[in-house]
Amino acid sequence: MGRVTTSTADLWHHYGRARADSDRAVPDGFYWAWGQDAGPGAEVLGDLVGCCVGDLGAGAARHAAHLAVHHQPGRVAAVDASPAQYAMATDLYGHLTPRLRIVHSDVVCHLHAMRGAYDVLYSVFGAIDFTDPRELLPAAAAALRPGGRLVFATLAHYLSGALAQPDVVAADVSAKTPDGAEAMMRRWVLQEHVWTTLLEEAGFTRITSTVLPATAEGTRTADTLLVKAHLPS
């Protein structure tokens with residue numbers, strides 16, 4: 001799911017593997033909320049008919065597969081840097097080619113290579129969370145066509161309940177290497193005004209954000225910050 005910001009081996013190796021063993025279906029719904037059980041759906045992205053759409057840090061590509069099947073885009077690119085996630089996505093949804101293109105690449109590198117190619121870019125707790133936004137957001141702006149839009153869901157606060165950062169600061173979060181050893185990766189959990197400033201600096205306008213409250217209680221639940229921004233036409 002996005003750019004692994006450490007030299008350690010693939011830290012997404014284990015993510016989603018249990019689900020992939022039992023659930024190979026294209027999802028019927030698209031959710032932005034952390035719990036993946038409520039809130040607005042794909043309509044937040046706008047009309048996708050004929051559009052070139054990019055999922056940044058797509059993981060197993062479930063969201064991208066839903067869009068490819070149900071929303072008539074010209075093409076959806078599911079981009080992820082993790083070899084394990086790329087292999088999983090290809091196994092699950094490779095049959096949806098050519099409408100769904102599964103891409104194994106560092107997200108920032110991919111965006112730089114796709115200058116002016118996309119109408120819509122989005123991230124659902126993907127690359128936006130795990131890539132330095134000072135690198136990713138300008139790259140996203142460069143990859144969008146005039147009038148294009150970026151939509152992303154990110155944590156509104158830490159899973160511990162601690163407040164999001166008031167500055168562009170990443171936190172170390174725990175992860176596991178393919179052999180199960182403990183490791184760390186960086187995650188950006190930023191306050192709304194920080195995201196707004198970063199987006200403006202990258203050239204985005206018409207920036208809106210909404211907090212989607214958690215639908216359950218527990219130690220791993222969180223509110224979601226849903227952000228939408230546009231490039232000038």
# chains A, B, ... in the order shown; residues from 1 in each chain; ligands from 1
>>> residues_around(residues="Ala142 in chain A", least_positions_apart="6", cutoff="10 Å", atoms="only C-alpha atoms", output="list of chain:residue names")
A:Leu111, A:His112, A:Ala113, A:Met114, A:Arg115, A:Gly116, A:Ala117, A:Tyr118, A:Leu136, A:Ala202, A:Gly203, A:Leu231
>>> residues_around(residues="range 179-188 of chain A", least_positions_apart="6", cutoff="12 Å", atoms="only C-alpha atoms", output="PyMOL selection string")
chain A and resi 1-15+125-134+136+154-159+164-173+194-195
>>> atom_distance(atom1="CA of Val49 in chain A", atom2="CA of Arg75 in chain A")
9.4 Å
>>> atom_distance(atom1="CA of Ala61 in chain A", atom2="CA of Arg220 in chain A")
22.4 Å
>>> residues_around(residues="Ala60 in chain A", least_positions_apart="2", cutoff="6 Å", atoms="only C-alpha atoms", output="PyMOL selection string")
chain A and resi 62+85+88-89
>>> closest_residue(among="A:Pro213, A:Gly74, A:Pro232, A:Pro98", to="Ala33 in chain A", atoms="only C-alpha atoms")
A:Pro213
>>> closest_residue(among="A:Thr210, A:Arg101, A:Cys109, A:Lys228", to="Pro73 in chain A", atoms="only C-alpha atoms")
A:Arg101
>>> select_by_dssp(residues="range 57-190 of chain A", states="alpha helix (DSSP H)", output="JSON, numbers by chain")
{"A": [62, 63, 64, 65, 66, 67, 68, 69, 70, 83, 84, 85, 86, 87, 88, 89, 90, 91, 92, 93, 107, 108, 109, 110, 111, 112, 113, 127, 128, 129, 130, 133, 134, 135, 136, 137, 138, 139, 140, 141, 142, 143]}
>>> write_last_selection(atoms="N, CA and C atoms", output="short mmCIF file (atom, residue, chain, number, x, y, z; two decimals), in the first residue's frame")
data_model
loop_
_atom_site.label_atom_id
_atom_site.label_comp_id
_atom_site.auth_asym_id
_atom_site.auth_seq_id
_atom_site.Cartn_x
_atom_site.Cartn_y
_atom_site.Cartn_z
N ARG A 62 -8.84 -4.01 -4.11
CA ARG A 62 -10.28 -4.23 -3.99
C ARG A 62 -11.08 -2.98 -4.38
N HIS A 63 -10.65 -1.81 -3.92
CA HIS A 63 -11.36 -0.59 -4.31
C HIS A 63 -11.26 -0.37 -5.82
N ALA A 64 -10.07 -0.56 -6.35
CA ALA A 64 -9.88 -0.36 -7.79
C ALA A 64 -10.71 -1.34 -8.61
N ALA A 65 -10.81 -2.59 -8.15
CA ALA A 65 -11.62 -3.58 -8.86
C ALA A 65 -13.09 -3.18 -8.86
N HIS A 66 -13.56 -2.67 -7.73
CA HIS A 66 -14.95 -2.21 -7.67
C HIS A 66 -15.21 -1.12 -8.70
N LEU A 67 -14.32 -0.15 -8.77
CA LEU A 67 -14.50 0.94 -9.74
C LEU A 67 -14.47 0.42 -11.17
N ALA A 68 -13.54 -0.47 -11.46
CA ALA A 68 -13.41 -1.00 -12.82
C ALA A 68 -14.66 -1.72 -13.27
N VAL A 69 -15.31 -2.44 -12.35
CA VAL A 69 -16.48 -3.25 -12.69
C VAL A 69 -17.77 -2.44 -12.68
N HIS A 70 -17.89 -1.50 -11.75
CA HIS A 70 -19.19 -0.87 -11.50
C HIS A 70 -19.32 0.58 -11.96
N PRO A 83 5.84 -5.89 -3.32
CA PRO A 83 5.77 -7.08 -4.18
C PRO A 83 4.65 -8.03 -3.76
N ALA A 84 4.44 -8.19 -2.45
CA ALA A 84 3.40 -9.10 -1.98
C ALA A 84 2.01 -8.60 -2.34
N GLN A 85 1.78 -7.29 -2.18
CA GLN A 85 0.47 -6.75 -2.52
C GLN A 85 0.22 -6.79 -4.02
N TYR A 86 1.26 -6.51 -4.80
CA TYR A 86 1.13 -6.61 -6.26
C TYR A 86 0.76 -8.03 -6.67
N ALA A 87 1.43 -9.02 -6.10
CA ALA A 87 1.14 -10.42 -6.44
C ALA A 87 -0.28 -10.80 -6.03
N MET A 88 -0.70 -10.34 -4.85
CA MET A 88 -2.04 -10.65 -4.39
C MET A 88 -3.09 -10.01 -5.29
N ALA A 89 -2.90 -8.74 -5.63
CA ALA A 89 -3.85 -8.06 -6.49
C ALA A 89 -3.93 -8.72 -7.86
N THR A 90 -2.79 -9.10 -8.39
CA THR A 90 -2.77 -9.76 -9.70
C THR A 90 -3.51 -11.09 -9.66
N ASP A 91 -3.31 -11.84 -8.59
CA ASP A 91 -3.99 -13.12 -8.43
C ASP A 91 -5.51 -12.94 -8.30
N LEU A 92 -5.92 -11.92 -7.56
CA LEU A 92 -7.34 -11.71 -7.32
C LEU A 92 -8.06 -11.11 -8.53
N TYR A 93 -7.43 -10.11 -9.14
CA TYR A 93 -8.17 -9.29 -10.11
C TYR A 93 -7.44 -9.10 -11.44
N VAL A 107 4.97 4.75 -5.70
CA VAL A 107 3.90 5.62 -6.16
C VAL A 107 4.43 6.95 -6.68
N VAL A 108 5.37 7.56 -5.99
CA VAL A 108 5.91 8.85 -6.44
C VAL A 108 6.59 8.69 -7.79
N CYS A 109 7.36 7.64 -7.96
CA CYS A 109 8.01 7.39 -9.25
C CYS A 109 6.98 7.21 -10.36
N HIS A 110 5.94 6.46 -10.05
CA HIS A 110 4.89 6.23 -11.05
C HIS A 110 4.22 7.54 -11.45
N LEU A 111 3.90 8.37 -10.49
CA LEU A 111 3.23 9.64 -10.79
C LEU A 111 4.11 10.54 -11.64
N HIS A 112 5.39 10.59 -11.34
CA HIS A 112 6.30 11.40 -12.15
C HIS A 112 6.37 10.89 -13.59
N ALA A 113 6.25 9.59 -13.76
CA ALA A 113 6.31 9.00 -15.10
C ALA A 113 5.01 9.16 -15.87
N ALA A 127 -1.15 5.18 0.02
CA ALA A 127 0.12 5.89 -0.12
C ALA A 127 0.10 7.24 0.57
N ILE A 128 -1.04 7.89 0.64
CA ILE A 128 -1.13 9.18 1.32
C ILE A 128 -0.65 9.05 2.77
N ASP A 129 -0.96 7.95 3.41
CA ASP A 129 -0.59 7.75 4.81
C ASP A 129 0.88 7.42 4.99
N PHE A 130 1.50 6.79 4.00
CA PHE A 130 2.82 6.19 4.20
C PHE A 130 3.91 6.78 3.31
N PRO A 133 4.20 13.57 2.35
CA PRO A 133 3.29 14.34 1.49
C PRO A 133 3.98 15.46 0.73
N ARG A 134 5.13 15.90 1.19
CA ARG A 134 5.88 16.93 0.46
C ARG A 134 6.46 16.38 -0.83
N GLU A 135 6.53 15.06 -0.95
CA GLU A 135 6.92 14.42 -2.20
C GLU A 135 5.71 13.97 -3.00
N LEU A 136 4.74 13.37 -2.32
CA LEU A 136 3.61 12.75 -3.01
C LEU A 136 2.65 13.77 -3.61
N LEU A 137 2.28 14.81 -2.87
CA LEU A 137 1.25 15.73 -3.36
C LEU A 137 1.68 16.50 -4.60
N PRO A 138 2.91 17.03 -4.66
CA PRO A 138 3.33 17.65 -5.93
C PRO A 138 3.37 16.65 -7.09
N ALA A 139 3.77 15.41 -6.81
CA ALA A 139 3.79 14.39 -7.86
C ALA A 139 2.38 14.08 -8.34
N ALA A 140 1.42 14.05 -7.41
CA ALA A 140 0.02 13.82 -7.79
C ALA A 140 -0.49 14.96 -8.64
N ALA A 141 -0.17 16.19 -8.26
CA ALA A 141 -0.60 17.34 -9.05
C ALA A 141 -0.05 17.27 -10.46
N ALA A 142 1.21 16.86 -10.60
CA ALA A 142 1.83 16.77 -11.92
C ALA A 142 1.21 15.68 -12.77
N ALA A 143 0.71 14.62 -12.14
CA ALA A 143 0.13 13.49 -12.87
C ALA A 143 -1.32 13.72 -13.28
#
>>> closest_residue(among="A:Trp34, A:Gln72, A:Ala78, A:Ala175", to="Leu225 in chain A", atoms="only C-alpha atoms")
A:Trp34
>>> residues_around(residues="Val124 in chain A", least_positions_apart="2", cutoff="8 Å", atoms="only C-alpha atoms", output="list in words")
Trp32, Gly57, Ala58, Tyr122, Gly126, Phe152, Ala153 and Thr154 of chain A
>>> write_last_selection(atoms="N, CA and C atoms", output="PDB file, in the first residue's frame")
ATOM      1  N   TRP A  32     -15.079   4.756   2.313  1.00  0.00           N
ATOM      2  CA  TRP A  32     -13.943   5.576   2.694  1.00  0.00           C
ATOM      3  C   TRP A  32     -13.606   5.440   4.170  1.00  0.00           C
ATOM      4  N   GLY A  57      -1.381   3.357  -3.667  1.00  0.00           N
ATOM      5  CA  GLY A  57      -1.239   2.434  -2.547  1.00  0.00           C
ATOM      6  C   GLY A  57      -2.434   1.513  -2.488  1.00  0.00           C
ATOM      7  N   ALA A  58      -2.640   0.770  -3.564  1.00  0.00           N
ATOM      8  CA  ALA A  58      -3.889   0.034  -3.775  1.00  0.00           C
ATOM      9  C   ALA A  58      -3.995  -1.253  -2.976  1.00  0.00           C
ATOM     10  N   TYR A 122      -6.840   8.755  -6.128  1.00  0.00           N
ATOM     11  CA  TYR A 122      -7.403   8.590  -4.788  1.00  0.00           C
ATOM     12  C   TYR A 122      -6.540   7.646  -3.966  1.00  0.00           C
ATOM     13  N   GLY A 126      -3.909   4.580   2.028  1.00  0.00           N
ATOM     14  CA  GLY A 126      -2.847   3.974   1.235  1.00  0.00           C
ATOM     15  C   GLY A 126      -1.599   4.824   1.219  1.00  0.00           C
ATOM     16  N   PHE A 152      -8.766  11.572  -0.842  1.00  0.00           N
ATOM     17  CA  PHE A 152      -8.123  10.579   0.001  1.00  0.00           C
ATOM     18  C   PHE A 152      -8.767  10.504   1.377  1.00  0.00           C
ATOM     19  N   ALA A 153      -8.713   9.286   1.920  1.00  0.00           N
ATOM     20  CA  ALA A 153      -9.136   9.021   3.291  1.00  0.00           C
ATOM     21  C   ALA A 153      -7.900   8.707   4.104  1.00  0.00           C
ATOM     22  N   THR A 154      -7.764   9.384   5.240  1.00  0.00           N
ATOM     23  CA  THR A 154      -6.628   9.182   6.119  1.00  0.00           C
ATOM     24  C   THR A 154      -7.113   9.231   7.560  1.00  0.00           C
TER      25      THR A 154
END
>>> atom_distance(atom1="CA of Ala77 in chain A", atom2="CA of Arg17 in chain A")
21.0 Å
>>> closest_residue(among="A:Ser209, A:Pro178, A:Thr221, A:Val79", to="Gly35 in chain A", atoms="only C-alpha atoms")
A:Thr221
>>> closest_residue(among="A:Thr177, A:His230, A:Gln191, A:Ser160", to="Glu217 in chain A", atoms="only C-alpha atoms")
A:Ser160
>>> select_by_dssp(residues="range 96-147 of chain A", states="strand (DSSP E or B)", output="PyMOL selection string")
chain A and resi 100-104+118-124+144-147
>>> closest_residue(among="A:Tyr31, A:Leu56, A:Ile102, A:Leu48", to="Leu226 in chain A", atoms="only C-alpha atoms")
A:Tyr31
>>> residues_around(residues="Ser233 in chain A", least_positions_apart="2", cutoff="12 Å", atoms="only C-alpha atoms", output="PyMOL selection string")
chain A and resi 119+144-149+203-206+230-231
>>> write_last_selection(atoms="C-alpha atoms", output="mmCIF file, in the first residue's frame")
data_model
loop_
_atom_site.group_PDB
_atom_site.id
_atom_site.type_symbol
_atom_site.label_atom_id
_atom_site.label_comp_id
_atom_site.auth_asym_id
_atom_site.auth_seq_id
_atom_site.Cartn_x
_atom_site.Cartn_y
_atom_site.Cartn_z
ATOM 1 C CA ASP A 119 -8.340 12.548 -14.368
ATOM 2 C CA LEU A 144 -3.344 15.034 -13.040
ATOM 3 C CA ARG A 145 -4.818 16.768 -16.045
ATOM 4 C CA PRO A 146 -6.126 20.332 -15.637
ATOM 5 C CA GLY A 147 -9.333 20.170 -13.600
ATOM 6 C CA GLY A 148 -8.377 16.765 -12.203
ATOM 7 C CA ARG A 149 -9.152 15.779 -8.654
ATOM 8 C CA GLY A 203 -1.135 23.658 -6.520
ATOM 9 C CA PHE A 204 -4.530 22.287 -5.506
ATOM 10 C CA THR A 205 -7.620 24.452 -5.012
ATOM 11 C CA ARG A 206 -11.239 23.928 -3.893
ATOM 12 C CA HIS A 230 -8.922 19.898 -7.430
ATOM 13 C CA LEU A 231 -6.395 21.236 -9.894
#
